[in-house]
$ cat entry-v4.cif   # mmCIF, C-alpha atoms and all ligand atoms
data_coords
loop_
_atom_site.label_atom_id
_atom_site.label_comp_id
_atom_site.auth_asym_id
_atom_site.auth_seq_id
_atom_site.Cartn_x
_atom_site.Cartn_y
_atom_site.Cartn_z
CA MET A 27 12.85 -10.81 13.83
CA GLN A 28 15.63 -8.21 13.83
CA PHE A 29 15.50 -6.22 10.59
CA GLU A 30 18.28 -4.18 9.00
CA ASN A 31 17.96 -1.53 6.33
CA GLN A 32 20.68 -3.13 4.22
CA LEU A 33 20.71 -4.67 0.77
CA SER A 34 22.73 -7.62 2.08
CA PHE A 35 20.10 -8.29 4.76
CA ALA A 36 17.33 -8.26 2.14
CA GLN A 37 19.23 -10.63 -0.12
CA GLN A 38 19.88 -12.97 2.78
CA GLN A 39 16.14 -13.05 3.59
CA ASP A 40 15.35 -13.82 -0.02
CA GLU A 41 17.57 -16.85 0.28
CA VAL A 42 15.89 -17.96 3.48
CA PHE A 43 12.46 -17.80 1.82
CA ASP A 44 13.55 -18.89 -1.64
CA ARG A 45 11.19 -21.89 -1.59
CA CYS A 46 8.14 -19.59 -1.35
CA THR A 47 9.12 -17.20 -4.10
CA TYR A 48 7.53 -17.94 -7.46
CA ARG A 49 8.44 -14.63 -9.06
CA ASP A 50 9.69 -16.36 -12.22
CA TRP A 51 6.22 -17.83 -12.69
CA PHE A 52 4.69 -14.36 -13.14
CA PHE A 53 4.88 -11.59 -15.69
CA ILE A 54 6.19 -8.50 -13.88
CA PRO A 55 4.98 -5.29 -15.58
CA GLN A 56 7.65 -2.88 -16.79
CA LYS A 57 7.99 0.86 -16.92
CA ASP A 58 10.68 2.57 -19.01
CA GLY A 59 12.28 -0.80 -19.67
CA ARG A 60 12.56 -1.76 -15.98
CA GLU A 61 10.44 -4.01 -13.82
CA VAL A 62 8.16 -2.00 -11.59
CA ILE A 63 7.93 -2.61 -7.85
CA TYR A 64 4.43 -4.03 -7.90
CA LEU A 65 2.78 -3.64 -4.50
CA ASN A 66 -0.79 -3.77 -5.79
CA GLY A 67 -1.60 -7.48 -5.72
CA ASN A 68 -4.47 -6.60 -3.37
CA SER A 69 -6.21 -4.89 -6.32
CA LEU A 70 -5.13 -7.06 -9.21
CA GLY A 71 -2.76 -9.98 -8.86
CA LEU A 72 -0.18 -10.48 -11.61
CA GLN A 73 -0.53 -12.86 -14.51
CA PRO A 74 0.91 -16.34 -14.01
CA LYS A 75 2.95 -17.28 -17.09
CA THR A 76 0.97 -20.54 -17.27
CA ALA A 77 -2.40 -18.77 -17.53
CA ARG A 78 -2.29 -18.37 -21.31
CA GLN A 79 -1.41 -22.03 -21.79
CA TYR A 80 -4.37 -23.13 -19.65
CA LEU A 81 -6.66 -20.81 -21.56
CA GLU A 82 -5.38 -21.97 -24.93
CA LYS A 83 -6.02 -25.55 -23.96
CA GLU A 84 -9.72 -24.75 -23.56
CA MET A 85 -9.79 -22.72 -26.78
CA LEU A 86 -8.37 -25.73 -28.54
CA LYS A 87 -10.97 -28.04 -27.02
CA TRP A 88 -13.67 -25.71 -28.28
CA GLU A 89 -12.01 -25.56 -31.68
CA LYS A 90 -11.73 -29.33 -31.99
CA HIS A 91 -14.77 -30.64 -30.20
CA GLY A 92 -17.45 -27.96 -30.23
CA VAL A 93 -20.30 -29.02 -27.97
CA GLU A 94 -18.61 -32.34 -27.35
CA GLY A 95 -16.14 -30.59 -25.09
CA HIS A 96 -18.78 -30.91 -22.38
CA PHE A 97 -18.75 -34.69 -22.08
CA GLY A 98 -16.60 -37.68 -22.77
CA ILE A 99 -13.21 -36.09 -23.27
CA GLU A 100 -10.37 -35.63 -20.84
CA GLU A 101 -11.06 -32.76 -18.43
CA GLN A 102 -14.56 -32.42 -19.87
CA TRP A 103 -16.27 -29.10 -19.22
CA PHE A 104 -19.27 -30.67 -17.47
CA ASP A 105 -17.39 -31.03 -14.20
CA PHE A 106 -14.37 -28.87 -14.94
CA HIS A 107 -14.97 -26.76 -11.83
CA LYS A 108 -14.68 -29.79 -9.56
CA ASN A 109 -10.96 -29.90 -10.05
CA ILE A 110 -10.78 -26.51 -8.48
CA LYS A 111 -12.74 -27.34 -5.34
CA ASN A 112 -9.87 -29.15 -3.63
CA SER A 113 -7.54 -26.19 -3.99
CA LEU A 114 -10.18 -23.77 -2.79
CA GLY A 115 -10.92 -26.04 0.16
CA HIS A 116 -7.26 -25.93 1.20
CA LEU A 117 -7.13 -22.18 0.93
CA VAL A 118 -10.18 -21.51 3.11
CA GLY A 119 -10.10 -24.57 5.39
CA ALA A 120 -13.17 -26.35 4.12
CA SER A 121 -14.12 -29.61 2.48
CA PRO A 122 -14.58 -29.60 -1.30
CA ALA A 123 -18.31 -30.11 -0.67
CA GLU A 124 -18.43 -26.69 1.01
CA VAL A 125 -16.80 -24.57 -1.71
CA THR A 126 -17.37 -23.87 -5.35
CA PRO A 127 -16.26 -21.31 -7.92
CA MET A 128 -19.13 -19.45 -9.57
CA ASN A 129 -20.40 -16.04 -10.75
CA ALA A 130 -18.87 -12.74 -9.67
CA LEU A 131 -18.33 -11.55 -6.12
CA THR A 132 -21.10 -9.03 -5.57
CA VAL A 133 -23.57 -11.33 -7.32
CA ASN A 134 -22.60 -14.12 -4.95
CA LEU A 135 -22.86 -11.83 -1.96
CA HIS A 136 -26.43 -11.04 -2.96
CA LEU A 137 -27.32 -14.70 -3.48
CA LEU A 138 -25.90 -15.64 -0.10
CA LEU A 139 -27.66 -12.75 1.61
CA LEU A 140 -30.93 -13.89 0.08
CA GLY A 141 -30.34 -17.24 1.74
CA PHE A 142 -29.07 -16.04 5.10
CA TYR A 143 -30.72 -12.70 5.68
CA ARG A 144 -34.41 -13.28 6.28
CA PRO A 145 -35.44 -10.57 8.71
CA ALA A 146 -38.34 -11.58 10.94
CA GLY A 147 -39.84 -10.10 14.07
CA LYS A 148 -37.20 -8.20 16.05
CA ARG A 149 -34.31 -9.89 14.29
CA THR A 150 -33.68 -7.50 11.40
CA LYS A 151 -30.24 -5.92 11.87
CA ILE A 152 -27.02 -6.45 9.97
CA LEU A 153 -23.66 -5.44 11.44
CA ILE A 154 -20.79 -4.58 9.10
CA GLU A 155 -17.44 -2.87 9.60
CA THR A 156 -17.07 0.88 9.04
CA LYS A 157 -15.34 1.49 5.77
CA ALA A 158 -16.67 -1.74 4.37
CA PHE A 159 -15.94 -2.02 0.66
CA PRO A 160 -18.59 0.07 -1.15
CA SER A 161 -20.04 -2.87 -3.09
CA ASP A 162 -20.65 -4.72 0.18
CA GLN A 163 -22.19 -1.62 1.70
CA TYR A 164 -24.54 -1.22 -1.28
CA ALA A 165 -25.40 -4.92 -1.33
CA VAL A 166 -26.35 -4.98 2.34
CA ALA A 167 -28.26 -1.69 2.21
CA SER A 168 -30.24 -2.81 -0.82
CA GLN A 169 -31.07 -6.18 0.74
CA ILE A 170 -32.47 -4.41 3.80
CA ALA A 171 -34.49 -2.09 1.56
CA PHE A 172 -35.62 -5.08 -0.50
CA TRP A 173 -37.38 -6.39 2.62
CA GLY A 174 -39.12 -3.04 3.03
CA LEU A 175 -37.05 -2.15 6.08
CA ASP A 176 -35.41 1.13 7.02
CA VAL A 177 -31.72 1.04 6.09
CA ALA A 178 -30.55 3.66 8.60
CA GLU A 179 -32.10 1.68 11.41
CA ASN A 180 -31.11 -1.80 10.36
CA LEU A 181 -27.63 -1.37 8.91
CA VAL A 182 -25.35 -1.01 11.92
CA GLU A 183 -21.61 -0.44 11.75
CA PHE A 184 -18.83 -1.61 14.01
CA SER A 185 -16.90 1.56 14.67
CA PRO A 186 -13.47 2.25 16.11
CA ARG A 187 -12.94 4.32 19.24
CA PRO A 188 -12.42 8.04 18.69
CA GLY A 189 -8.88 8.61 17.47
CA GLU A 190 -8.40 4.96 16.49
CA ASP A 191 -8.47 3.46 13.00
CA THR A 192 -8.96 -0.22 13.63
CA LEU A 193 -11.48 -2.18 15.65
CA ARG A 194 -10.88 -3.84 19.00
CA THR A 195 -12.30 -7.32 19.30
CA GLU A 196 -13.72 -6.60 22.77
CA ASP A 197 -15.62 -3.60 21.37
CA MET A 198 -16.95 -5.66 18.48
CA LEU A 199 -18.18 -8.33 20.85
CA ALA A 200 -19.82 -5.70 23.06
CA GLN A 201 -21.55 -4.11 20.10
CA MET A 202 -22.93 -7.47 19.05
CA GLU A 203 -24.06 -8.17 22.57
CA ALA A 204 -25.84 -4.81 22.72
CA LEU A 205 -27.93 -5.70 19.68
CA GLY A 206 -28.86 -9.05 21.22
CA ASP A 207 -31.82 -10.69 19.52
CA GLU A 208 -32.15 -7.84 17.01
CA LEU A 209 -28.96 -9.05 15.33
CA ALA A 210 -29.73 -11.11 12.23
CA LEU A 211 -26.35 -11.21 10.54
CA VAL A 212 -22.75 -10.08 10.86
CA LEU A 213 -20.95 -9.51 7.58
CA LEU A 214 -17.22 -8.80 7.70
CA GLY A 215 -14.32 -8.65 5.32
CA GLY A 216 -11.87 -11.20 6.72
CA VAL A 217 -9.25 -8.52 6.13
CA ASN A 218 -10.64 -5.00 5.84
CA TYR A 219 -9.74 -3.58 2.43
CA TYR A 220 -8.95 -0.09 3.75
CA THR A 221 -7.07 -0.67 7.01
CA GLY A 222 -5.70 -4.14 6.31
CA GLN A 223 -6.97 -5.35 9.70
CA PHE A 224 -7.57 -9.10 9.98
CA PHE A 225 -10.45 -9.77 12.35
CA ASP A 226 -10.65 -12.39 15.07
CA ILE A 227 -13.07 -14.55 13.09
CA PRO A 228 -13.42 -17.47 15.56
CA SER A 229 -14.43 -15.26 18.53
CA LEU A 230 -16.75 -13.10 16.45
CA THR A 231 -18.39 -16.13 14.86
CA GLN A 232 -18.95 -17.76 18.21
CA LYS A 233 -20.52 -14.61 19.57
CA ALA A 234 -22.79 -14.01 16.56
CA GLN A 235 -24.08 -17.54 16.71
CA ALA A 236 -24.56 -17.47 20.49
CA LEU A 237 -26.86 -14.50 19.86
CA GLY A 238 -28.77 -16.45 17.22
CA ALA A 239 -27.28 -14.58 14.25
CA TYR A 240 -25.32 -15.77 11.23
CA MET A 241 -21.71 -14.96 10.42
CA GLY A 242 -20.85 -14.23 6.79
CA LEU A 243 -17.48 -13.18 5.38
CA ASP A 244 -16.32 -11.39 2.27
CA LEU A 245 -12.86 -12.83 1.76
CA ALA A 246 -11.85 -10.68 -1.23
CA HIS A 247 -8.78 -9.44 0.66
CA THR A 248 -8.22 -12.60 2.65
CA ILE A 249 -8.19 -15.66 0.39
CA GLY A 250 -4.65 -16.40 -0.76
CA ASN A 251 -3.38 -13.87 1.77
CA LEU A 252 -3.78 -15.80 5.05
CA PRO A 253 -4.59 -19.42 5.88
CA LEU A 254 -8.22 -19.82 6.97
CA ASP A 255 -10.18 -22.48 8.80
CA LEU A 256 -13.78 -21.67 7.93
CA HIS A 257 -15.23 -25.10 8.64
CA ALA A 258 -13.70 -25.45 12.10
CA TRP A 259 -14.57 -21.85 12.95
CA GLY A 260 -18.18 -22.61 12.08
CA VAL A 261 -18.56 -19.59 9.76
CA ASP A 262 -21.97 -19.83 8.07
CA PHE A 263 -21.05 -18.57 4.61
CA ALA A 264 -18.35 -16.72 2.71
CA CYS A 265 -17.55 -15.45 -0.75
CA TRP A 266 -14.50 -14.01 -2.46
CA CYS A 267 -13.09 -12.80 -5.74
CA THR A 268 -10.08 -14.39 -7.41
CA TYR A 269 -8.42 -11.50 -9.21
CA LYS A 270 -6.69 -10.07 -6.11
CA TYR A 271 -4.38 -12.40 -4.18
CA LEU A 272 -5.43 -15.41 -6.26
CA ASN A 273 -4.03 -13.95 -9.51
CA SER A 274 -6.78 -15.47 -11.65
CA GLY A 275 -7.35 -12.52 -13.99
CA PRO A 276 -9.31 -9.26 -14.13
CA GLY A 277 -13.00 -9.71 -13.32
CA GLY A 278 -12.25 -13.40 -12.81
CA ILE A 279 -14.62 -15.92 -11.36
CA SER A 280 -15.72 -15.64 -7.72
CA GLY A 281 -16.26 -18.47 -5.24
CA ILE A 282 -18.45 -19.31 -2.27
CA PHE A 283 -18.34 -21.32 0.93
CA VAL A 284 -21.47 -22.59 2.62
CA HIS A 285 -20.90 -24.53 5.84
CA GLU A 286 -21.91 -28.17 5.76
CA LYS A 287 -24.45 -27.57 8.56
CA HIS A 288 -26.52 -25.57 6.07
CA HIS A 289 -26.50 -28.15 3.30
CA GLY A 290 -29.74 -29.75 2.27
CA GLN A 291 -32.03 -27.27 3.98
CA PRO A 292 -35.08 -26.38 1.93
CA LEU A 293 -34.69 -22.62 2.05
CA ARG A 294 -31.09 -22.64 0.98
CA PRO A 295 -30.51 -21.64 -1.67
CA PRO A 296 -33.74 -19.74 -2.15
CA LEU A 297 -33.21 -19.16 -5.87
CA HIS A 298 -32.56 -21.99 -8.26
CA GLY A 299 -30.94 -22.62 -11.62
CA TRP A 300 -30.31 -25.77 -13.61
CA TRP A 301 -26.68 -26.10 -12.55
CA GLY A 302 -27.79 -26.47 -8.93
CA HIS A 303 -29.95 -29.44 -9.87
CA GLU A 304 -28.76 -32.85 -8.81
CA GLU A 305 -26.06 -33.87 -11.23
CA ASN A 306 -27.18 -37.40 -12.10
CA THR A 307 -30.61 -36.34 -13.24
CA ARG A 308 -29.83 -32.80 -14.47
CA PHE A 309 -30.08 -33.73 -18.09
CA GLN A 310 -33.45 -35.35 -17.78
CA MET A 311 -34.51 -31.69 -17.90
CA ASP A 312 -37.38 -32.33 -15.53
CA LYS A 313 -39.71 -29.58 -14.31
CA ALA A 314 -39.06 -30.17 -10.61
CA PHE A 315 -35.87 -28.79 -9.06
CA VAL A 316 -33.96 -31.42 -7.11
CA PRO A 317 -31.01 -29.69 -5.43
CA GLU A 318 -27.49 -31.04 -5.27
CA PRO A 319 -26.80 -32.23 -1.70
CA ASP A 320 -24.03 -29.74 -0.96
CA VAL A 321 -22.80 -26.26 -1.88
CA GLU A 322 -23.32 -27.10 -5.55
CA ALA A 323 -27.03 -26.48 -5.05
CA TRP A 324 -26.15 -22.76 -5.08
CA GLN A 325 -24.88 -22.86 -8.63
CA MET A 326 -27.17 -21.53 -11.30
CA SER A 327 -25.45 -21.48 -14.64
CA ASN A 328 -23.08 -23.77 -16.42
CA ALA A 329 -19.51 -22.75 -15.67
CA PRO A 330 -17.53 -20.08 -17.58
CA ILE A 331 -14.71 -22.33 -18.71
CA PHE A 332 -12.28 -19.60 -19.80
CA LEU A 333 -12.45 -17.94 -16.39
CA LEU A 334 -11.98 -21.30 -14.73
CA ALA A 335 -8.97 -22.04 -16.91
CA THR A 336 -6.90 -19.07 -15.71
CA HIS A 337 -8.17 -19.66 -12.18
CA LYS A 338 -6.92 -23.22 -12.34
CA ALA A 339 -3.50 -22.11 -13.58
CA ALA A 340 -3.21 -19.69 -10.67
CA LEU A 341 -4.38 -22.17 -8.03
CA LYS A 342 -1.83 -24.70 -9.18
CA ILE A 343 0.89 -22.39 -7.88
CA PHE A 344 -0.74 -22.18 -4.45
CA GLU A 345 -0.92 -25.97 -4.40
CA GLU A 346 2.81 -26.16 -5.03
CA VAL A 347 3.95 -23.68 -2.44
CA GLY A 348 1.23 -24.10 0.22
CA ILE A 349 -0.55 -21.22 1.94
CA LYS A 350 1.09 -21.88 5.34
CA ALA A 351 4.60 -21.56 3.93
CA LEU A 352 3.56 -18.45 2.05
CA ARG A 353 2.18 -16.95 5.21
CA GLU A 354 5.53 -17.38 6.96
CA LYS A 355 7.28 -15.43 4.27
CA SER A 356 4.44 -12.93 4.21
CA ILE A 357 4.78 -12.13 7.91
CA ALA A 358 8.51 -11.49 7.49
CA LEU A 359 8.11 -9.51 4.25
CA THR A 360 5.38 -7.23 5.59
CA GLY A 361 7.31 -6.82 8.84
CA PHE A 362 10.31 -5.75 6.77
CA LEU A 363 8.21 -3.24 4.83
CA ALA A 364 6.86 -1.76 8.08
CA PHE A 365 10.42 -1.46 9.37
CA ILE A 366 11.64 0.21 6.16
CA LEU A 367 8.73 2.66 6.17
CA GLU A 368 9.21 3.67 9.78
CA THR A 369 12.99 3.87 9.61
CA THR A 370 12.99 5.96 6.44
CA ALA A 371 10.24 8.29 7.67
CA ARG A 372 12.11 8.86 10.94
CA GLU A 373 15.45 9.48 9.24
CA GLU A 374 13.89 11.86 6.72
CA ASN A 375 11.65 13.50 9.32
CA PHE A 376 8.51 12.74 7.30
CA GLY A 377 5.13 12.22 8.95
CA LEU A 378 3.50 8.92 8.20
CA HIS A 379 1.56 6.50 10.32
CA ILE A 380 0.80 2.84 9.59
CA ILE A 381 -2.86 2.35 10.48
CA THR A 382 -2.77 -1.42 9.91
CA PRO A 383 -2.33 -3.27 13.24
CA ALA A 384 1.30 -3.88 14.20
CA LEU A 385 0.72 -7.49 15.31
CA ALA A 386 1.16 -10.07 12.54
CA GLU A 387 -1.90 -12.04 13.69
CA GLN A 388 -4.06 -8.96 13.15
CA ARG A 389 -3.06 -8.29 9.57
CA GLY A 390 -2.36 -9.96 6.24
CA CYS A 391 0.31 -8.73 3.84
CA GLN A 392 -1.14 -5.24 3.25
CA LEU A 393 -0.05 -2.10 5.06
CA SER A 394 -2.17 1.04 4.92
CA ILE A 395 -0.24 4.22 5.56
CA ARG A 396 -1.78 7.51 6.54
CA MET A 397 0.14 10.53 5.34
CA ASN A 398 0.27 13.58 7.56
CA ARG A 399 1.14 15.92 4.71
CA GLN A 400 1.83 15.84 1.01
CA GLY A 401 0.42 12.33 0.79
CA ARG A 402 -0.86 12.55 -2.74
CA ALA A 403 2.29 14.28 -3.93
CA LEU A 404 4.43 11.54 -2.37
CA PHE A 405 2.27 8.88 -3.97
CA ASP A 406 2.75 10.52 -7.37
CA GLU A 407 6.51 10.67 -6.85
CA LEU A 408 6.54 6.95 -6.00
CA THR A 409 4.48 6.13 -9.09
CA HIS A 410 6.80 8.22 -11.22
CA ARG A 411 9.72 6.16 -9.92
CA GLY A 412 8.17 2.82 -10.83
CA VAL A 413 6.33 1.85 -7.64
CA VAL A 414 2.82 0.53 -8.33
CA ALA A 415 0.85 1.23 -5.15
CA ASP A 416 -2.68 2.28 -4.42
CA TRP A 417 -4.10 5.61 -3.27
CA ARG A 418 -7.32 5.74 -1.22
CA GLU A 419 -8.98 9.04 -0.46
CA PRO A 420 -8.51 11.07 1.58
CA ASP A 421 -4.96 10.30 2.77
CA VAL A 422 -4.07 6.61 2.65
CA ILE A 423 -1.54 4.70 0.57
CA ARG A 424 -1.98 0.93 0.49
CA LEU A 425 1.04 -1.28 -0.10
CA ALA A 426 0.72 -5.03 -0.44
CA PRO A 427 3.94 -7.05 -0.70
CA VAL A 428 2.76 -10.38 -2.06
CA PRO A 429 4.97 -13.26 -0.94
CA LEU A 430 4.52 -15.24 -4.16
CA TYR A 431 6.20 -12.66 -6.35
CA ASN A 432 7.56 -9.80 -4.24
CA THR A 433 11.04 -10.02 -2.72
CA PHE A 434 12.88 -8.52 0.23
CA GLU A 435 15.29 -6.93 -2.22
CA GLU A 436 12.39 -5.08 -3.82
CA ILE A 437 11.27 -3.82 -0.43
CA TYR A 438 14.77 -2.58 0.25
CA ALA A 439 14.76 -0.82 -3.15
CA PHE A 440 11.35 0.63 -2.32
CA GLY A 441 12.86 2.18 0.83
CA GLU A 442 15.54 3.91 -1.23
CA ILE A 443 12.91 5.21 -3.66
CA LEU A 444 10.79 6.43 -0.76
CA ARG A 445 13.77 8.36 0.60
CA GLU A 446 14.41 9.97 -2.79
CA ALA A 447 10.73 10.84 -3.20
CA ILE A 448 10.57 12.46 0.25
CA ARG A 449 13.69 14.53 -0.53
CA GLU A 450 12.21 15.54 -3.88
CA LEU A 451 9.19 16.96 -2.07
CA GLY A 452 11.53 18.97 0.15
C1 LIG A 501 -12.67 -6.20 -4.56
C2 LIG A 501 -13.87 -6.27 -3.70
C3 LIG A 501 -15.16 -6.31 -4.25
C4 LIG A 501 -15.38 -6.24 -5.74
O1 LIG A 501 -16.60 -6.82 -6.12
P1 LIG A 501 -16.83 -7.39 -7.59
O2 LIG A 501 -18.20 -7.91 -7.54
O3 LIG A 501 -15.79 -8.45 -7.83
O4 LIG A 501 -16.65 -6.26 -8.56
C5 LIG A 501 -16.24 -6.42 -3.38
N1 LIG A 501 -16.04 -6.46 -2.04
C6 LIG A 501 -14.82 -6.43 -1.48
C7 LIG A 501 -14.66 -6.50 0.00
C8 LIG A 501 -13.69 -6.31 -2.29
O5 LIG A 501 -12.48 -6.23 -1.74
#
$ encode --input "entry-v4.cif" --output "structure tokens"
Amino acid sequence: MQFENQLSFAQQQDEVFDRCTYRDWFFIPQKDGREVIYLNGNSLGLQPKTARQYLEKEMLKWEKHGVEGHFGIEEQWFDFHKNIKNSLGHLVGASPAEVTPMNALTVNLHLLLLGFYRPAGKRTKILIETKAFPSDQYAVASQIAFWGLDVAENLVEFSPRPGEDTLRTEDMLAQMEALGDELALVLLGGVNYYTGQFFDIPSLTQKAQALGAYMGLDLAHTIGNLPLDLHAWGVDFACWCTYKYLNSGPGGISGIFVHEKHHGQPLRPPLHGWWGHEENTRFQMDKAFVPEPDVEAWQMSNAPIFLLATHKAALKIFEEVGIKALREKSIALTGFLAFILETTAREENFGLHIITPALAEQRGCQLSIRMNRQGRALFDELTHRGVVADWREPDVIRLAPVPLYNTFEEIYAFGEILREAIRELG
């Protein structure tokens, strides 16, 4: 696509992608009486205007029915989460039997690791990306230590070549190959939270499994950002949070995917709770645990209805627009942002470097920008002028134009603000 740094061009693009823009469905935060340019949907997605209504509906059920909200009324709480499974399945490319909302992300990561990381003999190593999200790093390290193994020896990182920021697939494959039958598990963010790189999941999954290892994904920065095809790719397990691109509310419910090929095996899940017990006989409250036949066996507790309510409101919007259509707008919108950043920096003679891969198929909506000088000062100037972005130490600004609610016109306006901010710094 040929971009132009012109308001008219931005407006024209907004018309082209009008069908994908649900900005009116969201509350846009304001600063000094004006809407901010919110480029932080990768940290916390905005509130859908319908969320309160969905939440109030459940409050009202509680008010009117008390415990009887669980059974025998419309949208009873007992299987409230099942409504959500179809939408999640569409977003990650899985059948409803393979996905379920539950718990919080790091908790789910631990539960899944307990099922899929069972070091034995030589096969004890876990490979993760460098600059994995800290919680993932801690989770993996503590799981290794939990088995009485040495963390430094068994936690191995994919690392970029000297002078490079992102990983090359061929290097990742070679690193896996080098570990051979010592490799127990590969755990990757689908999209890395720091660099914004989207990994070649099918090739990496195939390789991990050819070596006898499992492939697990943390999709916190991926779900709702890019279309996925987890079932067809054969990924073993995945988890995600829903407060980033899925706009389901701060600390909202997480979700998991466990591939069908792992359903019904005795060791999975290794830890049990009553909500994983076979549904038909759950309320016989028997001593023996009989697992649900699919991913539901991983559930432990009865579902947090209020979290599911806002989640449901948010997913409804994805159902309407469709993740594939969103992705088309997203590629254009992020491409436009990259163009605006590079053009403005060149014209103003300011040093910045986009570390996120330039190819659309290797990134989602986020761009991570390394600042050569005055990075923090520039970030503060942007914030002061109503841009909500994200600063990561030591020198990176993350910007995530979210196709659901961000517009080309906003990106154009961001470019003008960036120019002003650079000039302010002198
Ligand atoms: C946001 C994020 C988390 C946060 O974990 P919580 O358990 O939801 O607090 C973990 N991992 C990754 C990769 C993330 O992006």
$ residues_near_ligand --input "entry-v4.cif" --ligand "ligand LIG 501 (chain A)" --cutoff "7 Å" --atoms "only C-alpha atoms and all ligand atoms" --output "number ranges by chain"
A: 69, 130-133, 158-159, 161-162, 215, 219, 244-247, 267, 277
$ write_last_selection --input "entry-v4.cif" --atoms "C-alpha atoms" --output "compact mmCIF listing (two decimals), keeping the file's coordinate frame"
# COMPACT_ATOMS: atom_id res chain seq x y z
CA SER A 69 -6.21 -4.89 -6.32
CA ALA A 130 -18.87 -12.74 -9.67
CA LEU A 131 -18.33 -11.55 -6.12
CA THR A 132 -21.10 -9.03 -5.57
CA VAL A 133 -23.57 -11.33 -7.32
CA ALA A 158 -16.67 -1.74 4.37
CA PHE A 159 -15.94 -2.02 0.66
CA SER A 161 -20.04 -2.87 -3.09
CA ASP A 162 -20.65 -4.72 0.18
CA GLY A 215 -14.32 -8.65 5.32
CA TYR A 219 -9.74 -3.58 2.43
CA ASP A 244 -16.32 -11.39 2.27
CA LEU A 245 -12.86 -12.83 1.76
CA ALA A 246 -11.85 -10.68 -1.23
CA HIS A 247 -8.78 -9.44 0.66
CA CYS A 267 -13.09 -12.80 -5.74
CA GLY A 277 -13.00 -9.71 -13.32
$ atom_distance --input "entry-v4.cif" --atom1 "atom CA of A:Leu211" --atom2 "atom CA of A:Thr195"
17.0 Å
$ residues_around --input "entry-v4.cif" --residues "A:Arg449" --least-positions-apart "5" --cutoff "10 Å" --atoms "all atoms listed in the file" --output "list in words"
Glu374, Phe376, Leu404, Ile443 and Leu444 of chain A
$ closest_residue --input "entry-v4.cif" --among "A:Thr307, A:Ser121, A:Thr370, A:Gln163" --to "A:Glu446" --atoms "only C-alpha atoms"
A:Thr370
$ residues_around --input "entry-v4.cif" --residues "A:Gly242" --least-positions-apart "3" --cutoff "9 Å" --atoms "only C-alpha atoms" --output "ChimeraX atom specification"
/A:138-139,142,211-215,231,261-265
$ write_last_selection --input "entry-v4.cif" --atoms "C-alpha atoms" --output "CSV table (one decimal), keeping the file's coordinate frame"
chain,number,residue,atom,x,y,z
A,138,LEU,CA,-25.9,-15.6,-0.1
A,139,LEU,CA,-27.7,-12.8,1.6
A,142,PHE,CA,-29.1,-16.0,5.1
A,211,LEU,CA,-26.4,-11.2,10.5
A,212,VAL,CA,-22.8,-10.1,10.9
A,213,LEU,CA,-21.0,-9.5,7.6
A,214,LEU,CA,-17.2,-8.8,7.7
A,215,GLY,CA,-14.3,-8.6,5.3
A,231,THR,CA,-18.4,-16.1,14.9
A,261,VAL,CA,-18.6,-19.6,9.8
A,262,ASP,CA,-22.0,-19.8,8.1
A,263,PHE,CA,-21.0,-18.6,4.6
A,264,ALA,CA,-18.4,-16.7,2.7
A,265,CYS,CA,-17.6,-15.4,-0.8
$ atom_distance --input "entry-v4.cif" --atom1 "atom CA of A:Ser229" --atom2 "atom CA of A:Leu193"
13.7 Å
$ residues_around --input "entry-v4.cif" --residues "A:Gln235" --least-positions-apart "2" --cutoff "12 Å" --atoms "only C-alpha atoms" --output "ChimeraX atom specification"
/A:199,202-203,206-207,209-212,227-233,237-242,259-262
$ closest_residue --input "entry-v4.cif" --among "A:Lys287, A:His136, A:Arg372, A:His91" --to "A:Ser168" --atoms "all atoms listed in the file"
A:His136
$ closest_residue --input "entry-v4.cif" --among "A:Val321, A:Leu72, A:Leu33, A:Leu256" --to "A:Thr126" --atoms "only C-alpha atoms"
A:Val321
$ closest_residue --input "entry-v4.cif" --among "A:Leu135, A:Ala234, A:Ala258, A:Leu333" --to "A:Gly275" --atoms "all atoms listed in the file"
A:Leu333
$ atom_distance --input "entry-v4.cif" --atom1 "atom CA of A:Tyr220" --atom2 "atom CA of A:Ser394"
7.0 Å
$ closest_residue --input "entry-v4.cif" --among "A:Thr268, A:Asn109, A:Asn306, A:Thr221" --to "A:Arg396" --atoms "only C-alpha atoms"
A:Thr221
$ residues_near_point --input "entry-v4.cif" --point "(7.3, -16.9, -2.0)" --cutoff "9 Å" --atoms "all atoms listed in the file" --output "JSON list (two decimals) with C-alpha atoms, keeping the file's coordinate frame"
[["chain", "number", "residue", "atom", "x", "y", "z"],
["A", 40, "ASP", "CA", 15.35, -13.82, -0.02],
["A", 43, "PHE", "CA", 12.46, -17.80, 1.82],
["A", 44, "ASP", "CA", 13.55, -18.89, -1.64],
["A", 45, "ARG", "CA", 11.19, -21.89, -1.59],
["A", 46, "CYS", "CA", 8.14, -19.59, -1.35],
["A", 47, "THR", "CA", 9.12, -17.20, -4.10],
["A", 48, "TYR", "CA", 7.53, -17.94, -7.46],
["A", 49, "ARG", "CA", 8.44, -14.63, -9.06],
["A", 347, "VAL", "CA", 3.95, -23.68, -2.44],
["A", 351, "ALA", "CA", 4.60, -21.56, 3.93],
["A", 352, "LEU", "CA", 3.56, -18.45, 2.05],
["A", 353, "ARG", "CA", 2.18, -16.95, 5.21],
["A", 355, "LYS", "CA", 7.28, -15.43, 4.27],
["A", 356, "SER", "CA", 4.44, -12.93, 4.21],
["A", 428, "VAL", "CA", 2.76, -10.38, -2.06],
["A", 429, "PRO", "CA", 4.97, -13.26, -0.94],
["A", 430, "LEU", "CA", 4.52, -15.24, -4.16],
["A", 431, "TYR", "CA", 6.20, -12.66, -6.35],
["A", 432, "ASN", "CA", 7.56, -9.80, -4.24],
["A", 433, "THR", "CA", 11.04, -10.02, -2.72]]
